[in-house]
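Asker: What follows is protein_20.txt, made up of compact mmCIF, C-alpha atoms:
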```txt
# COMPACT_ATOMS: atom_id res chain seq x y z
CA MET W 91 -3.26 13.46 6.55
CA LEU W 92 -4.10 10.62 4.15
CA SER W 93 -6.71 11.12 1.41
CA LEU W 94 -7.91 8.49 -1.08
CA TYR W 95 -9.80 9.41 -4.24
CA ASP W 96 -11.66 7.43 -6.89
CA GLY W 97 -9.81 8.01 -10.17
CA ALA W 98 -7.17 10.63 -11.00
CA LEU W 99 -6.04 13.25 -8.47
CA ASP W 100 -6.85 16.92 -9.00
CA VAL W 101 -3.23 17.92 -8.42
CA PRO W 102 -3.51 21.75 -8.48
CA VAL W 103 -6.41 21.68 -6.01
CA ILE W 104 -4.75 19.25 -3.60
CA LEU W 105 -1.41 21.09 -3.61
CA LYS W 106 -3.22 24.39 -3.07
CA ASP W 107 -5.36 23.00 -0.24
CA TRP W 108 -2.31 21.61 1.53
CA TYR W 109 -0.39 24.86 1.02
CA GLU W 110 -3.23 26.92 2.42
CA ALA W 111 -3.79 24.56 5.36
CA GLU W 112 -0.19 25.10 6.53
CA ALA W 113 0.28 28.69 5.34
CA THR W 114 0.50 30.10 8.86
CA SER W 115 2.01 27.03 10.59
CA ASN W 116 5.51 28.53 10.42
CA TYR W 117 7.03 25.80 8.24
CA GLY W 118 9.92 27.02 6.13
CA ALA W 119 9.73 24.18 3.58
CA TYR W 120 6.95 22.46 1.61
CA ILE W 121 8.28 19.63 -0.55
CA PRO W 122 5.71 17.78 -2.66
CA PHE W 123 6.26 14.73 -4.84
CA VAL W 124 3.71 14.11 -7.60
CA GLY W 125 3.53 10.76 -9.41
CA THR W 126 2.13 10.93 -12.95
CA VAL W 127 1.24 8.05 -15.29
CA ARG W 128 3.67 7.92 -18.24
CA SER W 129 3.12 6.43 -21.65
CA GLU W 130 5.21 3.25 -21.88
CA ASP W 131 4.78 -0.33 -23.13
CA GLY W 132 1.54 0.58 -24.89
CA ILE W 133 -0.49 1.06 -21.71
CA ASP W 134 -3.66 3.19 -21.66
CA GLY W 135 -3.27 3.91 -17.96
CA LEU W 136 -2.88 2.30 -14.53
CA SER W 137 -5.36 1.00 -12.01
CA PHE W 138 -5.03 0.56 -8.24
CA ASP W 139 -6.46 -1.56 -5.43
CA ILE W 140 -5.90 -0.37 -1.88
CA TYR W 141 -6.26 -2.20 1.44
CA GLU W 142 -7.18 0.66 3.73
CA PRO W 143 -6.86 -0.81 7.27
CA ILE W 144 -3.13 -1.55 6.88
CA LEU W 145 -2.49 1.55 4.76
CA ASN W 146 -3.94 3.66 7.58
CA SER W 147 -1.73 2.08 10.25
CA TRP W 148 1.35 2.29 8.00
CA PHE W 149 0.67 5.98 7.38
CA ALA W 150 0.04 6.66 11.08
CA SER W 151 3.52 5.28 11.88
CA TRP W 152 5.05 7.77 9.40
CA GLN W 153 3.01 10.61 10.86
CA LYS W 154 4.59 9.82 14.23
CA LYS W 155 8.07 9.83 12.70
CA ALA W 156 7.33 13.19 11.06
CA GLU W 157 6.09 14.65 14.36
CA GLN W 158 9.33 13.64 16.04
CA LYS W 159 11.18 15.79 13.48
CA GLY W 160 8.78 18.70 13.87
CA ALA W 161 7.38 17.95 10.41
CA VAL W 162 4.03 17.05 8.86
CA ILE W 163 3.44 14.44 6.15
CA LYS W 164 0.48 14.42 3.76
CA MET W 165 -0.43 11.87 1.14
CA ALA W 166 -3.11 11.45 -1.53
CA HIS W 167 -3.61 8.35 -3.69
CA SER W 168 -6.02 7.14 -6.35
CA ARG W 169 -8.26 4.09 -6.29
CA GLY W 170 -9.33 2.53 -9.58
CA ASP W 171 -8.31 3.77 -13.02
CA VAL W 172 -5.91 6.62 -13.78
CA LEU W 173 -5.18 7.38 -17.43
CA LEU W 174 -2.01 8.54 -19.19
CA HIS W 175 -0.64 11.91 -18.03
CA GLU W 176 -2.97 11.95 -15.05
CA SER W 177 -1.63 11.68 -11.50
CA SER W 178 -2.26 8.93 -8.99
CA TYR W 179 0.00 9.88 -6.10
CA ILE W 180 1.04 12.94 -4.14
CA ALA W 181 3.19 12.96 -1.01
CA ALA W 182 4.36 16.13 0.69
CA VAL W 183 6.35 17.10 3.74
CA PHE W 184 6.19 20.37 5.60
CA SER W 185 9.04 21.10 7.98
CA PRO W 186 10.74 24.04 9.64
CA LYS W 187 13.89 23.60 7.50
CA ARG W 188 14.40 22.20 4.00
CA ARG W 189 16.99 19.51 4.81
CA VAL W 190 14.58 17.57 7.05
CA ALA W 191 11.83 17.73 4.43
CA LEU W 192 14.10 16.66 1.55
CA GLU W 193 15.46 13.66 3.47
CA PHE W 194 12.07 12.73 4.88
CA ILE W 195 10.23 12.72 1.56
CA ASP W 196 12.91 10.43 0.11
CA GLU W 197 12.66 7.92 3.01
CA PHE W 198 8.88 8.10 3.01
CA VAL W 199 8.42 7.46 -0.71
CA GLU W 200 10.94 4.57 -0.65
CA ASP W 201 9.06 2.87 2.18
CA PHE W 202 5.75 3.65 0.49
CA LYS W 203 6.91 1.72 -2.58
CA ALA W 204 8.08 -1.24 -0.48
CA SER W 205 5.36 -1.46 2.16
CA ALA W 206 2.10 0.39 1.43
CA PRO W 207 -0.67 -2.16 0.64
CA ILE W 208 -1.51 -0.86 -2.83
CA TRP W 209 -1.61 -3.03 -5.97
CA LYS W 210 -0.96 -1.68 -9.43
CA TYR W 211 -2.39 -2.94 -12.71
CA ASP W 212 -1.61 -1.92 -16.29
CA LEU W 213 -4.63 -1.00 -18.41
CA LYS W 214 -3.89 -2.45 -21.83
CA ASP W 215 -6.15 -3.60 -24.68
CA GLY W 216 -9.19 -3.39 -22.40
CA LYS W 217 -7.58 -5.65 -19.78
CA ARG W 218 -6.41 -4.97 -16.21
CA ILE W 219 -3.04 -6.73 -15.81
CA TYR W 220 -1.32 -7.00 -12.41
CA ALA W 221 2.14 -5.34 -12.56
CA LEU W 222 3.91 -8.18 -10.76
CA LYS W 223 7.39 -7.44 -12.17
CA ARG W 224 7.32 -3.85 -10.89
CA SER W 225 5.97 -4.89 -7.49
CA THR W 226 7.87 -5.53 -4.27
CA ALA W 227 7.15 -8.30 -1.78
CA ILE W 228 6.44 -6.82 1.65
CA LYS W 229 9.14 -7.53 4.25
CA GLY W 230 8.48 -10.93 5.86
CA SER W 231 6.63 -12.37 2.87
CA GLY W 232 6.60 -16.10 2.19
CA ILE W 233 6.02 -17.47 5.69
CA LEU W 234 3.09 -19.59 4.52
CA ALA W 235 5.11 -21.29 1.75
CA LYS W 236 6.69 -24.74 2.11
CA MET R 97 -14.11 -19.53 12.76
CA ILE R 98 -11.14 -17.78 11.20
CA ARG R 99 -11.69 -15.68 8.09
CA VAL R 100 -8.94 -15.70 5.46
CA GLU R 101 -8.94 -12.92 2.86
CA PHE R 102 -6.86 -12.78 -0.33
CA LEU R 103 -6.05 -9.19 -1.23
CA GLY R 104 -5.28 -7.33 -4.45
CA PRO R 105 -4.59 -9.50 -7.50
CA ILE R 106 -5.10 -12.91 -5.82
CA GLN R 107 -8.30 -14.03 -7.47
CA LYS R 108 -9.73 -16.14 -4.70
CA ASN R 109 -12.80 -15.82 -2.50
CA ALA R 110 -12.39 -15.51 1.26
CA LEU R 111 -12.34 -18.73 3.31
CA GLU R 112 -13.86 -19.50 6.70
CA LEU R 113 -11.72 -22.10 8.46
CA ASN R 114 -11.66 -23.93 11.78
CA ILE R 115 -7.97 -23.56 12.60
CA THR R 116 -6.04 -22.63 15.72
CA ASN R 117 -2.72 -21.42 14.31
CA LEU R 118 -0.97 -20.23 11.16
CA SER R 119 0.87 -23.54 10.64
CA GLU R 120 -2.49 -25.23 10.07
CA LEU R 121 -3.39 -22.47 7.61
CA ALA R 122 -0.08 -22.96 5.77
CA GLU R 123 -0.81 -26.68 5.39
CA ILE R 124 -4.31 -26.03 4.01
CA LEU R 125 -3.20 -23.32 1.57
CA GLN R 126 -0.17 -25.31 0.38
CA ALA R 127 -2.57 -27.98 -0.86
CA ASP R 128 -4.12 -25.45 -3.26
CA GLU R 129 -1.96 -25.43 -6.38
CA SER R 130 -3.33 -22.09 -7.60
CA LEU R 131 -1.82 -20.44 -4.50
CA HIS R 132 1.73 -21.84 -4.69
CA GLU R 133 3.34 -18.73 -6.15
CA TRP R 134 1.27 -16.37 -4.01
CA LEU R 135 2.37 -18.17 -0.83
CA THR R 136 6.04 -17.54 -1.69
CA ASN R 137 5.62 -13.80 -2.26
CA SER R 138 2.75 -12.76 0.01
CA ALA R 139 2.93 -11.21 3.45
CA VAL R 140 0.49 -12.24 6.18
CA ALA R 141 -1.51 -10.05 8.54
CA VAL R 142 -3.54 -11.16 11.54
CA ASN R 143 -6.29 -8.67 12.40
CA ASP R 144 -4.58 -6.12 10.13
CA THR R 145 -1.17 -6.39 11.79
CA LEU R 146 1.65 -7.92 9.73
CA VAL R 147 3.26 -11.00 11.28
CA SER R 148 6.75 -12.37 10.66
CA SER R 149 6.36 -15.97 11.85
CA LEU R 150 3.79 -18.75 12.12
CA GLU R 151 3.96 -18.75 15.92
CA GLY R 152 1.11 -17.66 18.15
CA ALA R 153 -2.43 -18.93 18.57
CA LEU R 154 -5.46 -17.80 16.61
CA LYS R 155 -8.79 -17.21 18.30
CA ASP R 156 -12.36 -17.38 17.07
CA GLY R 157 -13.20 -14.31 14.95
CA ASP R 158 -9.62 -13.53 13.91
CA LYS R 159 -9.09 -12.24 10.38
CA ILE R 160 -6.09 -13.26 8.31
CA SER R 161 -5.08 -11.36 5.17
CA LEU R 162 -2.64 -12.37 2.45
CA LEU R 163 -0.89 -9.38 0.87
CA PRO R 164 0.88 -10.02 -2.45
CA PRO R 165 3.74 -7.79 -3.73
CA VAL R 166 2.83 -4.09 -3.71
CA CYS R 167 3.44 -1.16 -6.02
CA GLY R 168 1.78 2.10 -5.07
CA GLY R 169 2.34 5.41 -6.75
```
Can the structure from this file be put into structure tokens for me?
Answerer:
Amino acid sequence: MLSLYDGALDVPVILKDWYEAEATSNYGAYIPFVGTVRSEDGIDGLSFDIYEPILNSWFASWQKKAEQKGAVIKMAHSRGDVLLHESSYIAAVFSPKRRVALEFIDEFVEDFKASAPIWKYDLKDGKRIYALKRSTAIKGSGILAK
Amino acid sequence: MIRVEFLGPIQKNALELNITNLSELAEILQADESLHEWLTNSAVAVNDTLVSSLEGALKDGDKISLLPPVCGG
């Protein structure tokens, strides 16, 4: 399950909805990761662009991997502006046993950072500045260069 | 016609080009100085599937996307 929202995520509601949706699914572990915007380098917040067609296919490939382990993966992400101390990202794994969920959430979030087509901008002094230095080139980048 | 879209922070309008493969696209985009850095760090998708080489033919109606470095979360 992949959900995109305009602006900050309502974390308590999303975590509760996911919990309730799987309450009787017989999973022994529910491991959520919540990403919150921190105050650093004088930013007022972050902003995000998302390219949905490739995000959807990327997420579908992880859903398949989760299924193969008897697990379920859920993810929520913000579009647009998210201010300090608000949250822009939640990922969670449900699985029969904790070890699978702990390992899976780690692999999933690492690949999310490296591959999901989402672009981050710092909101600073009324400007929206692309966070190039904190960004990762997708595997296979550069084929059009000389 | 092939549509070329520049995603995220690349501030460039989409192009409609008469090309038959990605090598021709590379040549056209390399001539645009404002794209030099983006070409070195962007991934390429054809019809929303990432590709790892310039091989393969394009057909009328195909969509190409350039994806610069990402940072979700």
Asker: So that I can see what lies close to Val166 (chain R), please list as a PyMOL selection string the residues with an atom at most 6 Å from it, counting only C-alpha atoms and leaving out residues fewer than 3 positions away in the same chain.
Answerer: chain W and resi 207-209+225-226
Asker: Here is a test: counting only C-alpha atoms, which residue of W:Tyr95, W:Tyr141, W:Tyr109, W:Trp148 is nearest to Phe202 (chain W)?
Answerer: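 Counting only C-alpha atoms, the residue closest to Phe202 (chain W) is W:Trp148.
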Asker: With a cut-off of 6 Å and counting only C-alpha atoms, select all residues of chain W in contact with chain R and give the selection as a list in words.
Answerer: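 Every residue of chain W that passes the 6 Å test is in Asp139, Ile144, Tyr179, Lys203, Pro207, Ile208, Trp209, Lys210, Ser225, Thr226, Ala227, Ile228, Gly230, Ser231, Gly232, Leu234 and Ala235 of chain W.
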Asker: Report, in Å to a single decimal, how far apart CA of Gly118 (chain W) and CA of Lys187 (chain W) are.
Answerer: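 Pair CA of Lys187 (chain W) / CA of Gly118 (chain W) returns 5.4 Å.
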Asker: Can you measure CA of Ile104 (chain W) to CA of Ile219 (chain W) for me? One decimal in Å is fine.
Answerer: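 Atom-to-atom, CA of Ile104 (chain W) and CA of Ile219 (chain W) are spaced 28.8 Å apart.
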Asker: Suppose you want the space between CA of Asn146 (chain W) and CA of Ser178 (chain W); what is it in Å?
Answerer: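 For CA of Asn146 (chain W) relative to CA of Ser178 (chain W), the distance reads 17.5 Å.
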Asker: Which residues are close to Thr116 (chain R), i.e. within 12 Å by all atoms listed in the file, leaving aside same-chain residues fewer than 2 positions away? Reply as a ChimeraX atom specification.
Answerer: /R:97-99,113-114,118-122,150-158,160
Asker: Just C-alpha atoms for this one: save the residues we selected as an mmCIF file, keeping the file's coordinate frame.
Answerer:
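The result, stored in selection-v3.cif:
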```cif
data_model
loop_
_atom_site.group_PDB
_atom_site.id
_atom_site.type_symbol
_atom_site.label_atom_id
_atom_site.label_comp_id
_atom_site.auth_asym_id
_atom_site.auth_seq_id
_atom_site.Cartn_x
_atom_site.Cartn_y
_atom_site.Cartn_z
ATOM 1 C CA MET R 97 -14.110 -19.530 12.760
ATOM 2 C CA ILE R 98 -11.140 -17.780 11.200
ATOM 3 C CA ARG R 99 -11.690 -15.680 8.090
ATOM 4 C CA LEU R 113 -11.720 -22.100 8.460
ATOM 5 C CA ASN R 114 -11.660 -23.930 11.780
ATOM 6 C CA LEU R 118 -0.970 -20.230 11.160
ATOM 7 C CA SER R 119 0.870 -23.540 10.640
ATOM 8 C CA GLU R 120 -2.490 -25.230 10.070
ATOM 9 C CA LEU R 121 -3.390 -22.470 7.610
ATOM 10 C CA ALA R 122 -0.080 -22.960 5.770
ATOM 11 C CA LEU R 150 3.790 -18.750 12.120
ATOM 12 C CA GLU R 151 3.960 -18.750 15.920
ATOM 13 C CA GLY R 152 1.110 -17.660 18.150
ATOM 14 C CA ALA R 153 -2.430 -18.930 18.570
ATOM 15 C CA LEU R 154 -5.460 -17.800 16.610
ATOM 16 C CA LYS R 155 -8.790 -17.210 18.300
ATOM 17 C CA ASP R 156 -12.360 -17.380 17.070
ATOM 18 C CA GLY R 157 -13.200 -14.310 14.950
ATOM 19 C CA ASP R 158 -9.620 -13.530 13.910
ATOM 20 C CA ILE R 160 -6.090 -13.260 8.310
#
```
Asker: Taking all atoms listed in the file into account, which of W:Ile233, W:Met165, W:Ile140, W:Ala113 comes nearest Ser185 (chain W)?
Answerer: W:Ala113
